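Text of work21.pdb (PDB, C-alpha atoms and all ligand atoms) as supplied:
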ATOM      1  CA  MET X 187       0.000   0.000   0.000  1.00  0.00           C
ATOM      2  CA  ILE X 188       1.272   3.459  -0.875  1.00  0.00           C
ATOM      3  CA  LEU X 189       1.228   5.525   2.317  1.00  0.00           C
ATOM      4  CA  PRO X 190       0.783   9.299   2.580  1.00  0.00           C
ATOM      5  CA  ILE X 191       4.086  11.089   3.193  1.00  0.00           C
ATOM      6  CA  VAL X 192       4.274  13.397   6.163  1.00  0.00           C
ATOM      7  CA  LYS X 193       5.514  16.896   5.270  1.00  0.00           C
ATOM      8  CA  TYR X 194       7.672  19.410   7.112  1.00  0.00           C
ATOM      9  CA  GLY X 195       5.697  20.970   9.953  1.00  0.00           C
ATOM     10  CA  HIS X 196       4.261  17.634  11.162  1.00  0.00           C
ATOM     11  CA  PRO X 197       5.468  16.954  14.730  1.00  0.00           C
ATOM     12  CA  VAL X 198       6.304  13.260  14.050  1.00  0.00           C
ATOM     13  CA  LEU X 199       9.298  14.371  11.951  1.00  0.00           C
ATOM     14  CA  ARG X 200      10.866  15.775  15.130  1.00  0.00           C
ATOM     15  CA  LYS X 201      10.347  12.583  17.155  1.00  0.00           C
ATOM     16  CA  LYS X 202      13.208  10.252  17.968  1.00  0.00           C
ATOM     17  CA  GLY X 203      12.301   6.760  16.803  1.00  0.00           C
ATOM     18  CA  ALA X 204      11.775   3.972  19.324  1.00  0.00           C
ATOM     19  CA  ARG X 205      14.102   0.974  18.991  1.00  0.00           C
ATOM     20  CA  ILE X 206      12.515  -2.079  17.413  1.00  0.00           C
ATOM     21  CA  GLU X 207      12.966  -5.072  19.703  1.00  0.00           C
ATOM     22  CA  THR X 208      10.833  -7.572  17.779  1.00  0.00           C
ATOM     23  CA  ILE X 209      10.264  -7.672  14.035  1.00  0.00           C
ATOM     24  CA  THR X 210       6.544  -8.356  14.060  1.00  0.00           C
ATOM     25  CA  ALA X 211       4.194  -9.010  11.122  1.00  0.00           C
ATOM     26  CA  GLU X 212       3.116  -5.344  11.430  1.00  0.00           C
ATOM     27  CA  ILE X 213       6.720  -4.156  11.051  1.00  0.00           C
ATOM     28  CA  LEU X 214       7.208  -6.398   7.995  1.00  0.00           C
ATOM     29  CA  GLN X 215       4.038  -4.974   6.449  1.00  0.00           C
ATOM     30  CA  LEU X 216       5.244  -1.438   7.215  1.00  0.00           C
ATOM     31  CA  ILE X 217       8.567  -2.235   5.480  1.00  0.00           C
ATOM     32  CA  ARG X 218       6.738  -3.453   2.356  1.00  0.00           C
ATOM     33  CA  ASP X 219       4.520  -0.353   2.371  1.00  0.00           C
ATOM     34  CA  MET X 220       7.537   1.920   2.845  1.00  0.00           C
ATOM     35  CA  PHE X 221       9.292   0.409  -0.201  1.00  0.00           C
ATOM     36  CA  GLU X 222       6.136   0.803  -2.261  1.00  0.00           C
ATOM     37  CA  THR X 223       5.736   4.408  -1.093  1.00  0.00           C
ATOM     38  CA  MET X 224       9.390   5.248  -1.753  1.00  0.00           C
ATOM     39  CA  GLU X 225       9.292   3.777  -5.269  1.00  0.00           C
ATOM     40  CA  ALA X 226       6.027   5.531  -6.131  1.00  0.00           C
ATOM     41  CA  ASN X 227       7.643   8.833  -5.141  1.00  0.00           C
ATOM     42  CA  HIS X 228      10.998   8.081  -6.839  1.00  0.00           C
ATOM     43  CA  GLY X 229      12.865   8.376  -3.555  1.00  0.00           C
ATOM     44  CA  VAL X 230      16.267   6.914  -2.671  1.00  0.00           C
ATOM     45  CA  GLY X 231      15.378   6.511   1.001  1.00  0.00           C
ATOM     46  CA  LEU X 232      12.410   6.727   3.344  1.00  0.00           C
ATOM     47  CA  ALA X 233      12.312   6.826   7.137  1.00  0.00           C
ATOM     48  CA  ALA X 234       9.445   5.507   9.287  1.00  0.00           C
ATOM     49  CA  GLN X 235       8.822   9.049  10.602  1.00  0.00           C
ATOM     50  CA  GLN X 236       7.979  10.136   7.052  1.00  0.00           C
ATOM     51  CA  VAL X 237       4.969   7.808   7.039  1.00  0.00           C
ATOM     52  CA  GLY X 238       3.956   8.751  10.577  1.00  0.00           C
ATOM     53  CA  HIS X 239       5.785   6.175  12.725  1.00  0.00           C
ATOM     54  CA  ALA X 240       8.491   7.231  15.190  1.00  0.00           C
ATOM     55  CA  LEU X 241      10.598   4.072  14.887  1.00  0.00           C
ATOM     56  CA  GLN X 242      14.263   3.190  14.237  1.00  0.00           C
ATOM     57  CA  LEU X 243      13.458   1.929  10.752  1.00  0.00           C
ATOM     58  CA  THR X 244      14.435   3.112   7.297  1.00  0.00           C
ATOM     59  CA  VAL X 245      14.477   1.725   3.752  1.00  0.00           C
ATOM     60  CA  ILE X 246      17.006   2.688   1.072  1.00  0.00           C
ATOM     61  CA  ASP X 247      17.577   1.811  -2.580  1.00  0.00           C
ATOM     62  CA  VAL X 248      20.261   3.599  -4.590  1.00  0.00           C
ATOM     63  CA  THR X 249      20.289   1.207  -7.572  1.00  0.00           C
ATOM     64  CA  GLY X 250      18.283   3.606  -9.786  1.00  0.00           C
ATOM     65  CA  SER X 251      20.783   6.441  -9.272  1.00  0.00           C
ATOM     66  CA  THR X 252      23.434   5.560 -11.831  1.00  0.00           C
ATOM     67  CA  ASP X 253      24.537   9.194 -12.225  1.00  0.00           C
ATOM     68  CA  ARG X 254      25.543   9.407  -8.549  1.00  0.00           C
ATOM     69  CA  PRO X 255      27.777   6.463  -7.684  1.00  0.00           C
ATOM     70  CA  SER X 256      28.011   4.670  -4.362  1.00  0.00           C
ATOM     71  CA  THR X 257      30.730   2.459  -2.888  1.00  0.00           C
ATOM     72  CA  LEU X 258      30.330  -0.516  -0.586  1.00  0.00           C
ATOM     73  CA  GLU X 259      32.689  -2.630   1.504  1.00  0.00           C
ATOM     74  CA  LEU X 260      31.442  -5.817   3.126  1.00  0.00           C
ATOM     75  CA  HIS X 261      33.899  -7.478   5.559  1.00  0.00           C
ATOM     76  CA  GLY X 262      36.603  -5.147   4.227  1.00  0.00           C
ATOM     77  CA  GLN X 263      36.035  -6.288   0.625  1.00  0.00           C
ATOM     78  CA  PRO X 264      34.840  -3.887  -2.088  1.00  0.00           C
ATOM     79  CA  THR X 265      31.436  -5.211  -3.127  1.00  0.00           C
ATOM     80  CA  ASP X 266      28.911  -4.259  -5.767  1.00  0.00           C
ATOM     81  CA  VAL X 267      26.310  -1.971  -4.148  1.00  0.00           C
ATOM     82  CA  SER X 268      23.454  -3.942  -5.739  1.00  0.00           C
ATOM     83  CA  GLU X 269      24.373  -6.890  -3.450  1.00  0.00           C
ATOM     84  CA  LEU X 270      22.925  -4.943  -0.519  1.00  0.00           C
ATOM     85  CA  MET X 271      19.914  -3.359  -2.268  1.00  0.00           C
ATOM     86  CA  PRO X 272      17.101  -2.894  -1.454  1.00  0.00           C
ATOM     87  CA  LEU X 273      18.296  -2.105   2.039  1.00  0.00           C
ATOM     88  CA  VAL X 274      16.370  -2.176   5.321  1.00  0.00           C
ATOM     89  CA  LEU X 275      18.050  -0.658   8.378  1.00  0.00           C
ATOM     90  CA  ILE X 276      16.589  -1.328  11.830  1.00  0.00           C
ATOM     91  CA  ASN X 277      18.152   0.376  14.885  1.00  0.00           C
ATOM     92  CA  PRO X 278      21.093   1.636  12.783  1.00  0.00           C
ATOM     93  CA  GLU X 279      24.349   2.923  14.248  1.00  0.00           C
ATOM     94  CA  VAL X 280      26.402   5.119  11.929  1.00  0.00           C
ATOM     95  CA  THR X 281      30.051   6.024  12.502  1.00  0.00           C
ATOM     96  CA  PRO X 282      31.681   8.623  10.235  1.00  0.00           C
ATOM     97  CA  VAL X 283      35.092   7.659   8.858  1.00  0.00           C
ATOM     98  CA  GLY X 284      35.644   9.934   5.873  1.00  0.00           C
ATOM     99  CA  GLU X 285      36.318  13.588   5.200  1.00  0.00           C
ATOM    100  CA  LEU X 286      33.383  15.979   4.865  1.00  0.00           C
ATOM    101  CA  VAL X 287      31.931  16.117   1.356  1.00  0.00           C
ATOM    102  CA  LYS X 288      29.342  18.519  -0.043  1.00  0.00           C
ATOM    103  CA  GLY X 289      26.522  17.023  -2.119  1.00  0.00           C
ATOM    104  CA  GLY X 290      22.987  17.731  -3.261  1.00  0.00           C
ATOM    105  CA  GLU X 291      20.079  16.439  -1.209  1.00  0.00           C
ATOM    106  CA  GLY X 292      16.325  16.457  -1.371  1.00  0.00           C
ATOM    107  CA  CYS X 293      13.710  14.962   0.935  1.00  0.00           C
ATOM    108  CA  LEU X 294      10.226  13.577   0.238  1.00  0.00           C
ATOM    109  CA  SER X 295       8.967  15.545   3.261  1.00  0.00           C
ATOM    110  CA  PHE X 296      10.171  18.773   1.578  1.00  0.00           C
ATOM    111  CA  PRO X 297       8.744  18.627  -1.976  1.00  0.00           C
ATOM    112  CA  GLU X 298      10.826  20.443  -4.618  1.00  0.00           C
ATOM    113  CA  LEU X 299      13.406  21.639  -2.128  1.00  0.00           C
ATOM    114  CA  TYR X 300      17.052  20.833  -2.809  1.00  0.00           C
ATOM    115  CA  ALA X 301      20.282  21.995  -1.196  1.00  0.00           C
ATOM    116  CA  ASP X 302      23.933  21.111  -0.836  1.00  0.00           C
ATOM    117  CA  ILE X 303      24.672  19.483   2.501  1.00  0.00           C
ATOM    118  CA  GLU X 304      28.084  18.736   3.981  1.00  0.00           C
ATOM    119  CA  ARG X 305      28.467  15.254   5.473  1.00  0.00           C
ATOM    120  CA  PRO X 306      31.215  12.673   6.014  1.00  0.00           C
ATOM    121  CA  GLY X 307      31.877  11.004   2.654  1.00  0.00           C
ATOM    122  CA  THR X 308      32.299   7.531   4.147  1.00  0.00           C
ATOM    123  CA  VAL X 309      30.519   5.874   7.074  1.00  0.00           C
ATOM    124  CA  ASP X 310      30.497   2.555   8.897  1.00  0.00           C
ATOM    125  CA  VAL X 311      27.018   1.163   9.425  1.00  0.00           C
ATOM    126  CA  LYS X 312      25.769  -1.439  11.858  1.00  0.00           C
ATOM    127  CA  ALA X 313      22.073  -2.371  11.877  1.00  0.00           C
ATOM    128  CA  LEU X 314      19.578  -5.202  11.791  1.00  0.00           C
ATOM    129  CA  ASN X 315      17.903  -6.124   8.513  1.00  0.00           C
ATOM    130  CA  GLN X 316      14.289  -7.254   8.049  1.00  0.00           C
ATOM    131  CA  THR X 317      15.148 -10.806   9.101  1.00  0.00           C
ATOM    132  CA  GLY X 318      16.732  -9.589  12.347  1.00  0.00           C
ATOM    133  CA  GLN X 319      20.214 -10.362  11.078  1.00  0.00           C
ATOM    134  CA  LEU X 320      23.064  -8.026  12.094  1.00  0.00           C
ATOM    135  CA  ILE X 321      24.535  -6.329   9.026  1.00  0.00           C
ATOM    136  CA  GLU X 322      27.762  -4.319   9.017  1.00  0.00           C
ATOM    137  CA  PHE X 323      29.257  -2.426   6.098  1.00  0.00           C
ATOM    138  CA  ARG X 324      31.282   0.609   5.070  1.00  0.00           C
ATOM    139  CA  CYS X 325      29.842   2.819   2.355  1.00  0.00           C
ATOM    140  CA  GLY X 326      30.612   5.972   0.410  1.00  0.00           C
ATOM    141  CA  GLY X 327      29.103   8.226  -2.215  1.00  0.00           C
ATOM    142  CA  LEU X 328      25.326   8.466  -2.548  1.00  0.00           C
ATOM    143  CA  LEU X 329      24.712   5.461  -0.274  1.00  0.00           C
ATOM    144  CA  ALA X 330      26.676   7.104   2.577  1.00  0.00           C
ATOM    145  CA  ARG X 331      24.686  10.293   2.071  1.00  0.00           C
ATOM    146  CA  ALA X 332      21.348   8.419   2.010  1.00  0.00           C
ATOM    147  CA  VAL X 333      22.225   6.405   5.134  1.00  0.00           C
ATOM    148  CA  GLN X 334      23.089   9.578   7.041  1.00  0.00           C
ATOM    149  CA  HIS X 335      20.051  11.522   5.808  1.00  0.00           C
ATOM    150  CA  GLU X 336      17.720   8.666   6.792  1.00  0.00           C
ATOM    151  CA  THR X 337      19.407   7.952  10.130  1.00  0.00           C
ATOM    152  CA  ASP X 338      18.999  11.643  10.956  1.00  0.00           C
ATOM    153  CA  HIS X 339      15.233  11.239  10.397  1.00  0.00           C
ATOM    154  CA  LEU X 340      15.199   8.372  12.916  1.00  0.00           C
ATOM    155  CA  ASN X 341      16.610  10.796  15.466  1.00  0.00           C
ATOM    156  CA  GLY X 342      14.186  13.612  14.642  1.00  0.00           C
ATOM    157  CA  LEU X 343      16.810  15.524  12.640  1.00  0.00           C
ATOM    158  CA  LEU X 344      16.110  17.007   9.209  1.00  0.00           C
ATOM    159  CA  PHE X 345      18.404  18.032   6.355  1.00  0.00           C
ATOM    160  CA  ILE X 346      17.533  21.679   6.954  1.00  0.00           C
ATOM    161  CA  ASP X 347      19.309  21.320  10.327  1.00  0.00           C
ATOM    162  CA  ARG X 348      22.517  20.552   8.402  1.00  0.00           C
ATOM    163  CA  MET X 349      22.268  23.352   5.840  1.00  0.00           C
ATOM    164  CA  ASP X 350      24.658  26.241   6.137  1.00  0.00           C
ATOM    165  CA  LYS X 351      23.141  29.463   7.459  1.00  0.00           C
ATOM    166  CA  GLN X 352      23.134  31.212   4.082  1.00  0.00           C
ATOM    167  CA  THR X 353      21.268  28.371   2.320  1.00  0.00           C
ATOM    168  CA  LYS X 354      18.695  28.143   5.091  1.00  0.00           C
ATOM    169  CA  LEU X 355      18.156  31.881   4.933  1.00  0.00           C
ATOM    170  CA  GLU X 356      17.596  31.731   1.171  1.00  0.00           C
ATOM    171  CA  LEU X 357      15.015  28.946   1.619  1.00  0.00           C
ATOM    172  CA  LYS X 358      13.328  30.496   4.662  1.00  0.00           C
ATOM    173  CA  ALA X 359      10.210  31.761   2.869  1.00  0.00           C
ATOM    174  CA  GLU X 360       9.624  28.363   1.202  1.00  0.00           C
ATOM    175  CA  LEU X 361      10.193  26.504   4.467  1.00  0.00           C
ATOM    176  CA  ASP X 362       7.857  28.759   6.419  1.00  0.00           C
ATOM    177  CA  ALA X 363       5.153  28.363   3.762  1.00  0.00           C
ATOM    178  CA  LEU X 364       5.450  24.557   3.765  1.00  0.00           C
ATOM    179  CA  GLN X 365       5.347  24.428   7.565  1.00  0.00           C
ATOM    180  CA  ALA X 366       2.257  26.664   7.657  1.00  0.00           C
ATOM    181  CA  GLU X 367       0.540  24.545   4.989  1.00  0.00           C
ATOM    182  CA  THR X 368       1.200  21.306   6.914  1.00  0.00           C
ATOM    183  CA  LYS X 369      -0.027  22.819  10.185  1.00  0.00           C
ATOM    184  CA  ALA X 370      -3.205  24.099   8.514  1.00  0.00           C
ATOM    185  CA  GLU X 371      -3.856  20.600   7.096  1.00  0.00           C
ATOM    186  CA  LEU X 372      -3.363  19.035  10.546  1.00  0.00           C
ATOM    187  CA  LYS X 373      -5.796  21.505  12.080  1.00  0.00           C
ATOM    188  CA  GLN X 374      -8.309  20.656   9.347  1.00  0.00           C
ATOM    189  CA  GLU X 375      -7.952  16.917  10.049  1.00  0.00           C
ATOM    190  CA  LYS X 376      -8.643  17.419  13.742  1.00  0.00           C
ATOM    191  CA  LYS X 377     -11.974  19.131  13.069  1.00  0.00           C
TER     192      LYS X 377
HETATM  193 ZN    ZN Q 401      14.346  13.004   4.178  1.00  0.00          ZN
END

Starting from the coordinates I provided, produce the structure as structure tokens.
Amino acid sequence: MILPIVKYGHPVLRKKGARIETITAEILQLIRDMFETMEANHGVGLAAQQVGHALQLTVIDVTGSTDRPSTLELHGQPTDVSELMPLVLINPEVTPVGELVKGGEGCLSFPELYADIERPGTVDVKALNQTGQLIEFRCGGLLARAVQHETDHLNGLLFIDRMDKQTKLELKAELDALQAETKAELKQEKK
């Protein structure tokens, strides 16, 4: 099922996700729905918060992004990124290892808004997958950026929090308008 995507201004986007202790049938259904929702919206990643659930759960798939390469190391061996895709991360822990790199980012909760964000170019990732198996890998390029963007969501952080002051100032009017629109919709729903 394609789920509605929560937009900037909705309080759930600022909630830290609860750890998932048991991968229930409901969680597995949510994972399937999140993939369907992400694909329908041509996203590279989607966090549970973006479909209204404050959980430590995100889905990622960078295989469609051939113009922005990714790197992957499994057990210290360079591996084709497609081996790991589509990727489910439950309770992820991300450790930066690389130098800071600037790159373009968008977010399905901020339609039509794009900005350059500085993040570590390489990260080590430790998480559970959908079968409860521990997965560990090192990644770079777009995958490293997606992992960090999505893991931020799980902690209630948004890419606007990582923009430089100038960029955020330039986007202020758009951000304020989106926030106001979301809040008005929420008010409408409560009636
Ligand atoms: Zn996002």

With ligand ZN 401 (chain Q) as the partner and 10 Å as the cut-off, tabulate the residues of chain X that qualify, each row holding the nearest pair of atoms and their distance in Å to one decimal, using all atoms listed in the file, sorted by chain and rising number, as a Markdown table.
| residue | atom | partner | partner_atom | distance |
| --- | --- | --- | --- | --- |
| X:Lys193 | CA | Q:ZN401 | ZN | 9.7 |
| X:Tyr194 | CA | Q:ZN401 | ZN | 9.7 |
| X:Leu199 | CA | Q:ZN401 | ZN | 9.4 |
| X:Gly229 | CA | Q:ZN401 | ZN | 9.1 |
| X:Val230 | CA | Q:ZN401 | ZN | 9.4 |
| X:Gly231 | CA | Q:ZN401 | ZN | 7.3 |
| X:Leu232 | CA | Q:ZN401 | ZN | 6.6 |
| X:Ala233 | CA | Q:ZN401 | ZN | 7.1 |
| X:Gln235 | CA | Q:ZN401 | ZN | 9.4 |
| X:Gln236 | CA | Q:ZN401 | ZN | 7.6 |
| X:Glu291 | CA | Q:ZN401 | ZN | 8.6 |
| X:Gly292 | CA | Q:ZN401 | ZN | 6.8 |
| X:Cys293 | CA | Q:ZN401 | ZN | 3.8 |
| X:Leu294 | CA | Q:ZN401 | ZN | 5.7 |
| X:Ser295 | CA | Q:ZN401 | ZN | 6.0 |
| X:Phe296 | CA | Q:ZN401 | ZN | 7.6 |
| X:Ala332 | CA | Q:ZN401 | ZN | 8.6 |
| X:Gln334 | CA | Q:ZN401 | ZN | 9.8 |
| X:His335 | CA | Q:ZN401 | ZN | 6.1 |
| X:Glu336 | CA | Q:ZN401 | ZN | 6.1 |
| X:Thr337 | CA | Q:ZN401 | ZN | 9.3 |
| X:Asp338 | CA | Q:ZN401 | ZN | 8.3 |
| X:His339 | CA | Q:ZN401 | ZN | 6.5 |
| X:Leu340 | CA | Q:ZN401 | ZN | 9.9 |
| X:Leu343 | CA | Q:ZN401 | ZN | 9.2 |
| X:Leu344 | CA | Q:ZN401 | ZN | 6.7 |
| X:Phe345 | CA | Q:ZN401 | ZN | 6.8 |
| X:Ile346 | CA | Q:ZN401 | ZN | 9.6 |

Q) Could you write out as a PyMOL selection string the residues that the PyMOL selection byres (((chain X and resi 266-271) around 12) and not hetatm) matches in the shown file? A) chain X and resi 221+230-231+245-252+255-260+263-265+272-275+315+321-330

Pull C-alpha atoms from the residues just selected and write them as a PDB file, in the frame of the given file.
ATOM      1  CA  PHE X 221       9.292   0.409  -0.201  1.00  0.00           C
ATOM      2  CA  VAL X 230      16.267   6.914  -2.671  1.00  0.00           C
ATOM      3  CA  GLY X 231      15.378   6.511   1.001  1.00  0.00           C
ATOM      4  CA  VAL X 245      14.477   1.725   3.752  1.00  0.00           C
ATOM      5  CA  ILE X 246      17.006   2.688   1.072  1.00  0.00           C
ATOM      6  CA  ASP X 247      17.577   1.811  -2.580  1.00  0.00           C
ATOM      7  CA  VAL X 248      20.261   3.599  -4.590  1.00  0.00           C
ATOM      8  CA  THR X 249      20.289   1.207  -7.572  1.00  0.00           C
ATOM      9  CA  GLY X 250      18.283   3.606  -9.786  1.00  0.00           C
ATOM     10  CA  SER X 251      20.783   6.441  -9.272  1.00  0.00           C
ATOM     11  CA  THR X 252      23.434   5.560 -11.831  1.00  0.00           C
ATOM     12  CA  PRO X 255      27.777   6.463  -7.684  1.00  0.00           C
ATOM     13  CA  SER X 256      28.011   4.670  -4.362  1.00  0.00           C
ATOM     14  CA  THR X 257      30.730   2.459  -2.888  1.00  0.00           C
ATOM     15  CA  LEU X 258      30.330  -0.516  -0.586  1.00  0.00           C
ATOM     16  CA  GLU X 259      32.689  -2.630   1.504  1.00  0.00           C
ATOM     17  CA  LEU X 260      31.442  -5.817   3.126  1.00  0.00           C
ATOM     18  CA  GLN X 263      36.035  -6.288   0.625  1.00  0.00           C
ATOM     19  CA  PRO X 264      34.840  -3.887  -2.088  1.00  0.00           C
ATOM     20  CA  THR X 265      31.436  -5.211  -3.127  1.00  0.00           C
ATOM     21  CA  PRO X 272      17.101  -2.894  -1.454  1.00  0.00           C
ATOM     22  CA  LEU X 273      18.296  -2.105   2.039  1.00  0.00           C
ATOM     23  CA  VAL X 274      16.370  -2.176   5.321  1.00  0.00           C
ATOM     24  CA  LEU X 275      18.050  -0.658   8.378  1.00  0.00           C
ATOM     25  CA  ASN X 315      17.903  -6.124   8.513  1.00  0.00           C
ATOM     26  CA  ILE X 321      24.535  -6.329   9.026  1.00  0.00           C
ATOM     27  CA  GLU X 322      27.762  -4.319   9.017  1.00  0.00           C
ATOM     28  CA  PHE X 323      29.257  -2.426   6.098  1.00  0.00           C
ATOM     29  CA  ARG X 324      31.282   0.609   5.070  1.00  0.00           C
ATOM     30  CA  CYS X 325      29.842   2.819   2.355  1.00  0.00           C
ATOM     31  CA  GLY X 326      30.612   5.972   0.410  1.00  0.00           C
ATOM     32  CA  GLY X 327      29.103   8.226  -2.215  1.00  0.00           C
ATOM     33  CA  LEU X 328      25.326   8.466  -2.548  1.00  0.00           C
ATOM     34  CA  LEU X 329      24.712   5.461  -0.274  1.00  0.00           C
ATOM     35  CA  ALA X 330      26.676   7.104   2.577  1.00  0.00           C
TER      36      ALA X 330
END

Q) Could you pull the residues within 8 Å of Ile209 of chain X, counting all atoms listed in the file, minus those fewer than 2 positions along the same chain, as a list in words? A) Ile206, Glu207, Ala211, Glu212, Ile213, Leu214, Gln316, Thr317 and Gly318 of chain X

Q) Pick from X:Ala363, X:Ala313, X:Val237, X:Leu286: nearest to Glu222 of chain X, with only C-alpha atoms counted? A) X:Val237

**Q.** Cut-off 8 Å around (21.8, 16.2, -1.5) with only C-alpha atoms: residues as a PyMOL selection string
**A.** chain X and resi 289-292+300-303+331

Could you dump the residues just selected with C-alpha atoms as an mmCIF file, in the frame of the given file?
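Now in selection_22.cif:
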data_model
loop_
_atom_site.group_PDB
_atom_site.id
_atom_site.type_symbol
_atom_site.label_atom_id
_atom_site.label_comp_id
_atom_site.auth_asym_id
_atom_site.auth_seq_id
_atom_site.Cartn_x
_atom_site.Cartn_y
_atom_site.Cartn_z
ATOM 1 C CA GLY X 289 26.522 17.023 -2.119
ATOM 2 C CA GLY X 290 22.987 17.731 -3.261
ATOM 3 C CA GLU X 291 20.079 16.439 -1.209
ATOM 4 C CA GLY X 292 16.325 16.457 -1.371
ATOM 5 C CA TYR X 300 17.052 20.833 -2.809
ATOM 6 C CA ALA X 301 20.282 21.995 -1.196
ATOM 7 C CA ASP X 302 23.933 21.111 -0.836
ATOM 8 C CA ILE X 303 24.672 19.483 2.501
ATOM 9 C CA ARG X 331 24.686 10.293 2.071
#

Rebuild all heavy atoms on segment 196-202 of chain X, as a PDB file, keeping the file's coordinate frame?
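Result saved to rebuild-v2.pdb:
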ATOM      1  N   HIS X 196       4.944  18.676  10.387  1.00  0.00           N
ATOM      2  CA  HIS X 196       4.261  17.634  11.162  1.00  0.00           C
ATOM      3  C   HIS X 196       5.178  17.244  12.338  1.00  0.00           C
ATOM      4  O   HIS X 196       6.365  16.969  12.133  1.00  0.00           O
ATOM      5  CB  HIS X 196       3.985  16.420  10.283  1.00  0.00           C
ATOM      6  CG  HIS X 196       3.020  15.447  10.903  1.00  0.00           C
ATOM      7  ND1 HIS X 196       3.308  14.775  12.075  1.00  0.00           N
ATOM      8  CD2 HIS X 196       1.773  15.067  10.546  1.00  0.00           C
ATOM      9  CE1 HIS X 196       2.271  14.013  12.385  1.00  0.00           C
ATOM     10  NE2 HIS X 196       1.330  14.175  11.478  1.00  0.00           N
ATOM     11  N   PRO X 197       4.620  17.212  13.553  1.00  0.00           N
ATOM     12  CA  PRO X 197       5.468  16.954  14.730  1.00  0.00           C
ATOM     13  C   PRO X 197       6.194  15.597  14.723  1.00  0.00           C
ATOM     14  O   PRO X 197       7.251  15.477  15.344  1.00  0.00           O
ATOM     15  CB  PRO X 197       4.505  17.062  15.922  1.00  0.00           C
ATOM     16  CG  PRO X 197       3.125  17.074  15.349  1.00  0.00           C
ATOM     17  CD  PRO X 197       3.228  17.520  13.931  1.00  0.00           C
ATOM     18  N   VAL X 198       5.667  14.585  14.016  1.00  0.00           N
ATOM     19  CA  VAL X 198       6.304  13.260  14.050  1.00  0.00           C
ATOM     20  C   VAL X 198       7.723  13.305  13.453  1.00  0.00           C
ATOM     21  O   VAL X 198       8.590  12.513  13.819  1.00  0.00           O
ATOM     22  CB  VAL X 198       5.422  12.187  13.354  1.00  0.00           C
ATOM     23  CG1 VAL X 198       5.442  12.331  11.843  1.00  0.00           C
ATOM     24  CG2 VAL X 198       5.857  10.766  13.750  1.00  0.00           C
ATOM     25  N   LEU X 199       7.963  14.264  12.566  1.00  0.00           N
ATOM     26  CA  LEU X 199       9.298  14.371  11.951  1.00  0.00           C
ATOM     27  C   LEU X 199      10.364  14.792  12.962  1.00  0.00           C
ATOM     28  O   LEU X 199      11.555  14.633  12.709  1.00  0.00           O
ATOM     29  CB  LEU X 199       9.276  15.371  10.786  1.00  0.00           C
ATOM     30  CG  LEU X 199       8.529  14.945   9.525  1.00  0.00           C
ATOM     31  CD1 LEU X 199       8.557  16.070   8.501  1.00  0.00           C
ATOM     32  CD2 LEU X 199       9.123  13.673   8.928  1.00  0.00           C
ATOM     33  N   ARG X 200       9.911  15.341  14.090  1.00  0.00           N
ATOM     34  CA  ARG X 200      10.866  15.775  15.130  1.00  0.00           C
ATOM     35  C   ARG X 200      10.996  14.762  16.261  1.00  0.00           C
ATOM     36  O   ARG X 200      11.660  15.009  17.259  1.00  0.00           O
ATOM     37  CB  ARG X 200      10.423  17.136  15.686  1.00  0.00           C
ATOM     38  CG  ARG X 200      10.661  18.284  14.706  1.00  0.00           C
ATOM     39  CD  ARG X 200      12.117  18.346  14.318  1.00  0.00           C
ATOM     40  NE  ARG X 200      12.471  19.520  13.510  1.00  0.00           N
ATOM     41  CZ  ARG X 200      13.695  19.697  13.025  1.00  0.00           C
ATOM     42  NH1 ARG X 200      14.645  18.805  13.242  1.00  0.00           N
ATOM     43  NH2 ARG X 200      13.972  20.754  12.297  1.00  0.00           N
ATOM     44  N   LYS X 201      10.310  13.607  16.099  1.00  0.00           N
ATOM     45  CA  LYS X 201      10.347  12.583  17.155  1.00  0.00           C
ATOM     46  C   LYS X 201      11.484  11.599  16.944  1.00  0.00           C
ATOM     47  O   LYS X 201      11.703  11.118  15.832  1.00  0.00           O
ATOM     48  CB  LYS X 201       9.023  11.822  17.184  1.00  0.00           C
ATOM     49  CG  LYS X 201       7.961  12.541  17.966  1.00  0.00           C
ATOM     50  CD  LYS X 201       6.814  11.600  18.326  1.00  0.00           C
ATOM     51  CE  LYS X 201       5.663  12.394  18.899  1.00  0.00           C
ATOM     52  NZ  LYS X 201       4.367  11.833  18.524  1.00  0.00           N
ATOM     53  N   LYS X 202      12.176  11.287  18.036  1.00  0.00           N
ATOM     54  CA  LYS X 202      13.208  10.252  17.968  1.00  0.00           C
ATOM     55  C   LYS X 202      12.509   8.899  17.883  1.00  0.00           C
ATOM     56  O   LYS X 202      11.558   8.641  18.626  1.00  0.00           O
ATOM     57  CB  LYS X 202      14.090  10.332  19.221  1.00  0.00           C
ATOM     58  CG  LYS X 202      15.311   9.446  19.146  1.00  0.00           C
ATOM     59  CD  LYS X 202      16.158   9.572  20.420  1.00  0.00           C
ATOM     60  CE  LYS X 202      17.086   8.373  20.565  1.00  0.00           C
ATOM     61  NZ  LYS X 202      18.227   8.382  19.661  1.00  0.00           N
TER      62      LYS X 202
END
